[in-house]
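Engineer: Pasting structure.cif below, which is mmCIF, C-alpha atoms.
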data_start
loop_
_atom_site.label_atom_id
_atom_site.label_comp_id
_atom_site.auth_asym_id
_atom_site.auth_seq_id
_atom_site.Cartn_x
_atom_site.Cartn_y
_atom_site.Cartn_z
CA MET A 10 -24.84 -4.23 19.85
CA ALA A 11 -25.71 -5.24 16.30
CA PHE A 12 -23.41 -4.10 13.49
CA VAL A 13 -25.34 -2.20 10.84
CA LEU A 14 -23.91 -1.44 7.43
CA PRO A 15 -24.07 2.25 6.51
CA ALA A 16 -26.03 3.79 3.68
CA ILE A 17 -24.35 3.68 0.31
CA GLY A 18 -22.00 6.55 -0.39
CA GLN A 19 -21.42 7.29 3.27
CA GLN A 20 -17.91 7.60 4.64
CA ILE A 21 -17.34 4.72 7.00
CA SER A 22 -17.85 5.52 10.67
CA LYS A 23 -15.11 5.23 13.25
CA GLU A 24 -16.97 2.41 15.00
CA GLU A 25 -17.37 0.43 11.79
CA LEU A 26 -13.75 0.86 10.82
CA ILE A 27 -12.53 -0.31 14.24
CA PHE A 28 -14.96 -3.25 13.98
CA LEU A 29 -13.41 -4.29 10.65
CA THR A 30 -9.78 -3.97 11.82
CA PRO A 31 -9.82 -5.75 15.20
CA GLU A 32 -6.28 -7.12 14.97
CA TRP A 33 -4.71 -3.67 14.81
CA LYS A 34 -3.75 -2.57 18.34
CA GLY A 35 -1.68 0.49 17.46
CA GLU A 36 -2.33 4.16 16.81
CA ARG A 37 -5.35 5.27 14.79
CA TYR A 38 -6.46 8.46 13.09
CA ALA A 39 -9.42 10.32 14.58
CA ASP A 40 -11.74 8.55 12.12
CA GLY A 41 -10.53 5.10 13.27
CA ARG A 42 -8.20 4.36 10.36
CA PRO A 43 -5.10 2.38 11.45
CA LYS A 44 -1.92 4.46 11.40
CA VAL A 45 1.16 2.37 10.72
CA SER A 46 4.20 4.24 12.03
CA ASP A 47 6.41 6.34 9.77
CA GLN A 48 9.39 4.29 10.93
CA LEU A 49 7.86 1.06 9.61
CA LEU A 50 6.86 2.76 6.35
CA ASN A 51 10.47 3.92 5.90
CA ARG A 52 11.72 0.36 6.38
CA LEU A 53 8.99 -1.03 4.10
CA LYS A 54 10.51 0.79 1.12
CA LEU A 55 13.27 -1.83 0.92
CA VAL A 56 10.91 -4.82 1.03
CA THR A 57 10.38 -6.80 -2.18
CA HIS A 58 7.05 -8.22 -3.33
CA GLU A 59 8.44 -11.72 -2.95
CA GLU A 60 9.23 -11.14 0.71
CA ALA A 61 5.91 -9.46 1.52
CA TRP A 62 3.87 -11.99 -0.47
CA ALA A 63 5.49 -14.95 1.31
CA VAL A 64 4.68 -13.57 4.77
CA LEU A 65 1.09 -12.75 3.85
CA ARG A 66 0.58 -16.13 2.19
CA ASN A 67 1.83 -17.90 5.29
CA GLU A 68 -0.68 -15.90 7.34
CA ASN A 69 -3.49 -17.02 4.95
CA TYR A 70 -3.85 -13.60 3.30
CA LYS A 71 -4.00 -14.83 -0.30
CA PHE A 72 -5.61 -11.88 -2.07
CA GLN A 73 -3.46 -8.84 -1.31
CA TYR A 74 -1.42 -8.49 -4.52
CA ASP A 75 -2.28 -7.26 -8.01
CA ASP A 76 -0.13 -6.54 -11.05
CA GLY A 77 -0.27 -5.49 -14.68
CA TRP A 78 -0.23 -1.75 -13.90
CA GLN A 79 1.02 1.18 -15.92
CA THR A 80 3.23 3.45 -13.85
CA ILE A 81 4.53 6.95 -13.38
CA ASN A 82 8.12 6.86 -12.08
CA PRO A 83 8.43 3.08 -12.56
CA ASP A 84 11.88 2.98 -10.93
CA SER A 85 10.56 4.44 -7.68
CA VAL A 86 8.79 2.72 -4.79
CA LEU A 87 5.35 3.76 -3.54
CA VAL A 88 4.79 3.30 0.20
CA GLY A 89 2.03 4.73 2.37
CA ARG A 90 -1.27 4.26 4.19
CA ALA A 91 -4.36 3.50 2.11
CA VAL A 92 -7.33 5.83 1.83
CA THR A 93 -9.92 3.99 -0.25
CA ALA A 94 -12.69 5.11 -2.59
CA THR A 95 -15.11 3.05 -4.65
CA PHE A 96 -16.87 4.33 -7.77
CA MET A 97 -19.51 2.60 -9.87
CA PRO A 98 -20.88 3.39 -13.33
CA GLY A 99 -22.98 6.51 -13.04
CA ARG A 100 -26.63 6.15 -12.08
CA PRO A 101 -28.63 9.41 -11.74
CA ASP A 102 -31.02 8.46 -8.93
CA ILE A 103 -28.25 7.18 -6.65
CA HIS A 104 -25.97 10.06 -7.60
CA ARG A 105 -28.58 12.71 -6.70
CA VAL A 106 -29.26 11.40 -3.20
CA ILE A 107 -25.55 10.93 -2.45
CA ASP A 108 -24.91 14.49 -3.67
CA GLU A 109 -27.73 15.85 -1.54
CA LYS A 110 -26.59 14.02 1.58
CA GLY A 111 -22.98 15.04 1.01
CA HIS A 112 -23.80 18.70 0.50
CA THR A 113 -26.45 19.12 3.19
CA LYS A 114 -25.78 16.65 6.01
CA ASP A 115 -22.01 16.09 5.64
CA GLY A 116 -21.10 19.64 4.58
CA ARG A 117 -19.14 18.53 1.52
CA VAL A 118 -18.51 20.90 -1.35
CA LYS A 119 -17.49 20.49 -4.97
CA SER A 120 -18.00 17.27 -6.91
CA GLN A 121 -17.96 13.73 -5.54
CA ASN A 122 -14.57 12.82 -7.00
CA SER A 123 -12.92 15.42 -4.74
CA TRP A 124 -14.51 14.18 -1.49
CA PRO A 125 -11.99 11.41 -0.70
CA ILE A 126 -9.10 13.68 -1.69
CA ASP A 127 -10.17 16.17 0.98
CA LEU A 128 -9.42 13.50 3.61
CA LEU A 129 -5.83 12.83 2.55
CA THR A 130 -2.88 13.51 4.86
CA LYS A 131 0.89 13.05 4.66
CA ARG A 132 2.05 9.59 3.58
CA ASP A 133 -1.43 8.48 2.52
CA VAL A 134 -1.93 6.68 -0.78
CA TYR A 135 -5.22 7.32 -2.59
CA VAL A 136 -6.47 3.84 -3.58
CA VAL A 137 -9.39 3.97 -6.00
CA ASP A 138 -11.58 1.31 -7.56
CA GLN A 139 -13.03 3.00 -10.62
CA PHE A 140 -13.99 -0.30 -12.25
CA GLY A 141 -11.33 0.14 -14.96
CA ALA A 142 -13.21 3.06 -16.56
CA HIS A 143 -11.38 4.24 -19.68
CA GLU A 144 -12.96 6.66 -22.19
CA ASP A 145 -14.82 9.46 -20.37
CA GLY A 146 -13.62 7.90 -17.13
CA PRO A 147 -10.58 9.87 -15.92
CA THR A 148 -11.23 11.78 -12.70
CA ILE A 149 -7.54 12.47 -12.03
CA GLY A 150 -5.43 14.75 -14.16
CA ASP A 151 -2.62 17.14 -13.33
CA ASN A 152 -4.79 19.48 -11.20
CA LEU A 153 -6.03 16.80 -8.80
CA GLY A 154 -2.66 15.07 -9.07
CA ASN A 155 -0.91 18.18 -7.75
CA SER A 156 -3.47 18.45 -4.95
CA ILE A 157 -2.98 14.79 -3.98
CA PHE A 158 0.79 15.15 -3.99
CA ALA A 159 0.68 18.36 -1.91
CA LYS A 160 -1.44 16.61 0.72
CA THR A 161 0.36 13.25 0.82
CA GLY A 162 3.80 13.50 -0.80
CA ASN A 163 2.70 10.30 -2.56
CA GLY A 164 1.02 9.05 -5.69
CA ILE A 165 -2.04 6.87 -6.32
CA VAL A 166 -3.24 3.35 -7.04
CA TYR A 167 -6.02 3.94 -9.53
CA ASN A 168 -8.08 1.16 -11.08
CA GLY A 169 -9.09 3.25 -14.06
CA ALA A 170 -7.76 5.75 -16.58
CA ILE A 171 -5.90 8.98 -15.84
CA ARG A 172 -5.50 12.05 -18.06
CA ASP A 173 -2.89 14.84 -18.37
CA ILE A 174 -0.18 12.22 -18.04
CA SER A 175 2.58 14.63 -19.13
CA GLY A 176 1.59 17.04 -16.38
CA LEU A 177 1.48 14.24 -13.82
CA ARG A 178 5.00 13.17 -14.76
CA GLU A 179 6.20 16.73 -14.18
CA ILE A 180 5.23 16.48 -10.50
CA GLY A 181 8.41 14.47 -10.05
CA SER A 182 7.83 12.15 -7.11
CA PHE A 183 4.24 11.27 -8.01
CA THR A 184 4.92 7.52 -8.10
CA SER A 185 1.62 6.06 -9.26
CA PHE A 186 -0.03 2.92 -10.57
CA PHE A 187 -2.97 3.12 -13.01
CA ARG A 188 -4.74 0.96 -15.58
CA SER A 189 -4.75 3.17 -18.67
CA TYR A 190 -4.46 6.65 -20.11
CA HIS A 191 -7.14 8.54 -22.03
CA PRO A 192 -7.34 12.26 -22.97
CA SER A 193 -11.09 12.47 -22.20
CA HIS A 194 -12.41 13.58 -18.84
CA HIS A 195 -14.98 12.45 -16.33
CA LEU A 196 -18.44 14.06 -16.19
CA ASN A 197 -20.73 13.80 -13.18
CA ASN A 198 -23.94 15.63 -14.03
CA PRO A 199 -26.92 13.47 -13.03
CA ASP A 200 -29.13 15.59 -15.31
CA GLY A 201 -26.72 15.32 -18.23
CA GLN A 202 -23.74 13.08 -18.90
CA LEU A 203 -22.92 11.01 -15.85
CA ASN A 204 -19.97 8.65 -15.98
CA THR A 205 -19.35 7.57 -12.39
CA THR A 206 -20.95 7.67 -8.95
CA LEU A 207 -18.96 7.57 -5.72
CA VAL A 208 -20.50 4.87 -3.50
CA ALA A 209 -18.01 4.46 -0.65
CA ILE A 210 -15.19 6.30 1.14
CA ASN A 211 -12.79 4.34 3.35
CA HIS A 212 -14.80 1.14 3.08
CA PRO A 213 -13.27 -2.20 2.12
CA THR A 214 -12.74 -2.20 -1.64
CA ARG A 215 -11.40 -4.44 -4.39
CA ILE A 216 -8.41 -3.49 -6.52
CA GLY A 217 -8.02 -6.11 -9.23
CA LYS A 218 -7.54 -9.39 -7.38
CA ALA A 219 -6.79 -7.72 -4.03
CA THR A 220 -8.97 -6.82 -1.06
CA VAL A 221 -7.99 -3.46 0.41
CA MET A 222 -8.86 -1.89 3.74
CA PRO A 223 -8.31 1.75 4.67
CA GLY A 224 -5.10 1.88 6.69
CA ASP A 225 -3.46 -0.99 4.82
CA ALA A 226 0.20 -0.32 4.07
CA VAL A 227 0.61 0.07 0.32
CA LEU A 228 3.78 -1.20 -1.35
CA GLY A 229 3.99 -0.47 -5.06
CA ARG A 230 7.06 -1.44 -7.08
CA ASP A 231 8.17 -3.36 -10.16
CA GLY A 232 4.76 -3.08 -11.84
CA GLY A 233 2.81 -4.60 -8.94
CA VAL A 234 1.05 -3.43 -5.78
CA ILE A 235 0.59 -5.31 -2.52
CA PHE A 236 -1.68 -4.19 0.30
CA ILE A 237 -0.42 -5.26 3.73
CA PRO A 238 -2.87 -5.44 6.66
CA PRO A 239 -1.54 -3.03 9.30
CA HIS A 240 -1.11 -5.67 11.99
CA LEU A 241 1.25 -7.62 9.70
CA VAL A 242 3.47 -4.74 8.53
CA GLU A 243 6.05 -5.18 11.29
CA LYS A 244 6.31 -8.92 10.60
CA VAL A 245 6.73 -8.29 6.86
CA VAL A 246 9.45 -5.69 7.50
CA LYS A 247 11.40 -7.75 10.03
CA THR A 248 11.23 -10.91 7.91
CA SER A 249 12.43 -8.96 4.88
CA GLU A 250 15.35 -7.50 6.81
CA ILE A 251 16.57 -10.90 7.95
CA VAL A 252 16.22 -12.28 4.41
CA ARG A 253 18.15 -9.27 3.11
CA LEU A 254 21.00 -9.81 5.57
CA ARG A 255 21.17 -13.54 4.84
CA ASP A 256 21.28 -12.80 1.11
CA MET A 257 24.08 -10.24 1.57
CA PHE A 258 26.09 -12.71 3.62
CA GLY A 259 25.39 -15.65 1.31
CA HIS A 260 26.31 -13.73 -1.85
CA LEU A 261 29.50 -12.48 -0.20
CA ARG A 262 30.60 -15.96 0.83
CA LEU A 263 29.78 -17.32 -2.64
CA ARG A 264 31.96 -14.64 -4.25
CA GLU A 265 34.72 -15.54 -1.80
CA GLN A 266 34.13 -19.22 -2.72
CA LYS A 267 34.07 -20.08 0.97
CA TYR A 268 30.86 -22.09 0.51
CA THR A 269 29.28 -23.81 -2.49
CA PRO A 270 25.90 -22.83 -4.01
CA GLY A 271 24.53 -26.10 -2.68
CA GLN A 272 25.49 -25.13 0.86
CA ILE A 273 23.94 -21.66 0.58
CA ASP A 274 20.78 -22.72 -1.28
CA THR A 275 19.75 -25.30 1.32
CA LYS A 276 19.22 -25.15 5.07
CA TRP A 277 22.41 -23.70 6.51
CA SER A 278 24.64 -25.86 8.64
CA ASP A 279 25.55 -24.82 12.19
CA GLU A 280 28.95 -23.80 10.86
CA ILE A 281 27.41 -21.34 8.36
CA GLU A 282 24.92 -20.04 10.93
CA LYS A 283 27.78 -19.37 13.35
CA ASP A 284 29.71 -17.60 10.60
CA PHE A 285 26.61 -15.52 9.79
CA SER A 286 26.19 -14.43 13.43
CA ALA A 287 29.86 -13.44 13.65
CA TRP A 288 29.54 -11.46 10.40
CA LEU A 289 26.48 -9.62 11.76
CA ASN A 290 28.33 -8.67 14.94
CA LEU A 291 31.36 -7.47 12.99
CA HIS A 292 29.38 -5.28 10.55
CA ILE A 293 26.41 -4.31 12.73
CA ASP A 294 26.97 -0.55 12.32
CA LYS A 295 27.31 -0.70 8.53
CA LEU A 296 24.42 -2.95 7.47
CA PRO A 297 21.21 -1.63 5.78
CA VAL A 298 19.03 -2.79 8.68
CA PRO A 299 18.48 -0.94 11.98
CA LYS A 300 21.10 -1.90 14.56
CA GLU A 301 18.37 -2.55 17.11
CA GLN A 302 16.73 -5.10 14.83
CA ILE A 303 20.01 -6.98 14.34
CA GLN A 304 20.60 -7.00 18.08
CA GLU A 305 17.10 -8.36 18.65
CA PHE A 306 17.75 -11.12 16.11
CA LEU A 307 21.09 -12.03 17.67
CA LYS A 308 19.54 -12.34 21.15
CA GLY A 309 17.70 -15.41 19.94
CA ARG A 310 20.81 -17.10 18.58
CA THR A 311 22.59 -19.91 20.41
CA TRP A 312 25.98 -19.39 18.74
#
Could you spell out this file's structure in structure tokens?

Structural biologist:
Amino acid sequence: MAFVLPAIGQQISKEELIFLTPEWKGERYADGRPKVSDQLLNRLKLVTHEEAWAVLRNENYKFQYDDGWQTINPDSVLVGRAVTATFMPGRPDIHRVIDEKGHTKDGRVKSQNSWPIDLLTKRDVYVVDQFGAHEDGPTIGDNLGNSIFAKTGNGIVYNGAIRDISGLREIGSFTSFFRSYHPSHHLNNPDGQLNTTLVAINHPTRIGKATVMPGDAVLGRDGGVIFIPPHLVEKVVKTSEIVRLRDMFGHLRLREQKYTPGQIDTKWSDEIEKDFSAWLNLHIDKLPVPKEQIQEFLKGRTW
């Protein structure tokens, strides 16, 4: 059967979303969006950008990271499942037909900027390409911010300006990444002032230099955001955990002066690898990695 792209502004169909995410074999939402497990999302919170970037780069995913963001709660980590929306500069003729279709055929109410928010569930991250819109661009202030947080327990990745920044900070755990702040607000009247038009919900979108799919695992920290394809999340997490354990062990042995920096910074000798395995076994119940994952790693060891 031929694959046909949907009309502009339409929420992606389940069939199209499954078509675009063929490597994901796990659970999906009713609309076809990949659903990375809560357990993996919990473990993802400890992953660094360096660790995630290296795995994705090795898998030939070169355009998943973007930085230079302003942040709310910059010391916190944002982790969740992407729900995407794409806006373009407002154009009345397109806006009118999208409004009409949304209100009559799809049963949507309110303005277009609320439509993607209505889809959000727990642990989602609202990922929005609003083309960097600044003055008269903000569609998210403290009212929508509170609604987003109530639905998801998360913040946003917003390629545009936000408003009511003091109110958004008061939410507490609304860890968010955005391009700028402006006190103006968005208008969407196709017969008056029209600033933006929503052209896609849960379609592939571009956030800075990154390509984002709905269902990608979002990892935001340290001023940057990386979007991990769902089928690679487990590999990113497991690789990070092994790197974390090796770093803990290596730093400990350096402080003890048992090994030199040259020995730790290069490929480990069999002696060090054997010492590492023994250390894992001795501290398996106290390490910041699931015991089952350490046991799985040790099964593949020959010492």

Engineer: Return as JSON lines the residues of stretch 86-116 of chain A lying at most 8 Å from stretch 189-210 of chain A, together with the closest atom-to-atom pair for each and the distance in Å to one decimal, counting all atoms listed in the file, with rows in chain order and ascending residue number.

Structural biologist:
{"residue": "A:Val92", "atom": "CA", "partner": "A:Ile210", "partner_atom": "CA", "distance": 7.9}
{"residue": "A:Thr93", "atom": "CA", "partner": "A:Ile210", "partner_atom": "CA", "distance": 5.9}
{"residue": "A:Ala94", "atom": "CA", "partner": "A:Ile210", "partner_atom": "CA", "distance": 4.6}
{"residue": "A:Thr95", "atom": "CA", "partner": "A:Ala209", "partner_atom": "CA", "distance": 5.1}
{"residue": "A:Phe96", "atom": "CA", "partner": "A:Leu207", "partner_atom": "CA", "distance": 4.4}
{"residue": "A:Met97", "atom": "CA", "partner": "A:Thr206", "partner_atom": "CA", "distance": 5.4}
{"residue": "A:Pro98", "atom": "CA", "partner": "A:Thr205", "partner_atom": "CA", "distance": 4.5}
{"residue": "A:Gly99", "atom": "CA", "partner": "A:Thr205", "partner_atom": "CA", "distance": 3.8}
{"residue": "A:Arg100", "atom": "CA", "partner": "A:Thr206", "partner_atom": "CA", "distance": 6.7}
{"residue": "A:Pro101", "atom": "CA", "partner": "A:Pro199", "partner_atom": "CA", "distance": 4.6}
{"residue": "A:Asp102", "atom": "CA", "partner": "A:Pro199", "partner_atom": "CA", "distance": 7.7}
{"residue": "A:Ile103", "atom": "CA", "partner": "A:Thr206", "partner_atom": "CA", "distance": 7.7}
{"residue": "A:His104", "atom": "CA", "partner": "A:Thr206", "partner_atom": "CA", "distance": 5.7}
{"residue": "A:Arg105", "atom": "CA", "partner": "A:Pro199", "partner_atom": "CA", "distance": 6.6}
{"residue": "A:Ile107", "atom": "CA", "partner": "A:Val208", "partner_atom": "CA", "distance": 8.0}

Engineer: Mind pulling up the distance from atom CA of A:Leu128 to atom CA of A:His112?

Structural biologist: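 It comes out at 15.6 Å.
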
Engineer: List as a ChimeraX atom specification the protein and nucleic acid residues near A:Asp274, meaning an atom at most 12 Å away when only C-alpha atoms are counted, but skip any in the same chain fewer than 6 places from it.

Structural biologist: /A:255-256,259-260,263,268,281

Engineer: Using the chain letters and numbers from this file, what does the PyMOL selection byres ((chain A and resi 80) around 12) select? Give the answer as number ranges by chain.

Structural biologist: A: 76-79, 81-87, 164-168, 170-171, 174, 177-178, 182-190, 229-234

Engineer: Go through A:Thr148, A:Glu243, A:Ser286, A:Ser22 and flag the residue nearest A:Gln121, using all atoms listed in the file for the distances.

Structural biologist: A:Thr148

Engineer: Go through A:Val246, A:Trp277, A:Ala219, A:Glu305 and flag the residue nearest A:Phe258, using all atoms listed in the file for the distances.

Structural biologist: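 Between A:Val246, A:Trp277, A:Ala219, A:Glu305, the residue approaching A:Phe258 most closely is A:Trp277.
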
Engineer: Please report the interatomic distance between atom CA of A:Arg42 and atom CA of A:Thr130 in Å with one decimal.

Structural biologist: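 According to the coordinates, atom CA of A:Arg42 and atom CA of A:Thr130 are separated by 11.9 Å.
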
Engineer: Selected by the PyMOL selection byres ((chain A and resi 238) around 9) in the shown coordinates: which residues, as JSON, numbers by chain?

Structural biologist: {"A": [30, 33, 65, 70, 73, 221, 222, 224, 225, 226, 236, 237, 239, 240, 241, 242]}

Engineer: Can you list, as a PyMOL selection string, the residues that the PyMOL selection byres ((chain A and resi 90) around 9) selects here?

Structural biologist: chain A and resi 43-45+50+88-89+91-92+132-135+223-227+239

Engineer: Hey, can you check how far atom CA of A:Ile21 sits from atom CA of A:Ser46?

Structural biologist: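 Spanning atom CA of A:Ile21 to atom CA of A:Ser46 is a straight-line distance of 22.1 Å.
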
Engineer: When distances are computed from only C-alpha atoms, which of A:Arg215, A:Lys276, A:His292, A:Arg253 shows the smallest separation from A:Phe140?

Structural biologist: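 Among the listed residues, the smallest separation from A:Phe140 belongs to A:Arg215.
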
Engineer: Using all atoms listed in the file, which of A:Trp62, A:Trp124, A:Phe285, A:Phe158 sits nearest A:Lys244?

Structural biologist: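 Smallest separation from A:Lys244 among the options: A:Trp62.
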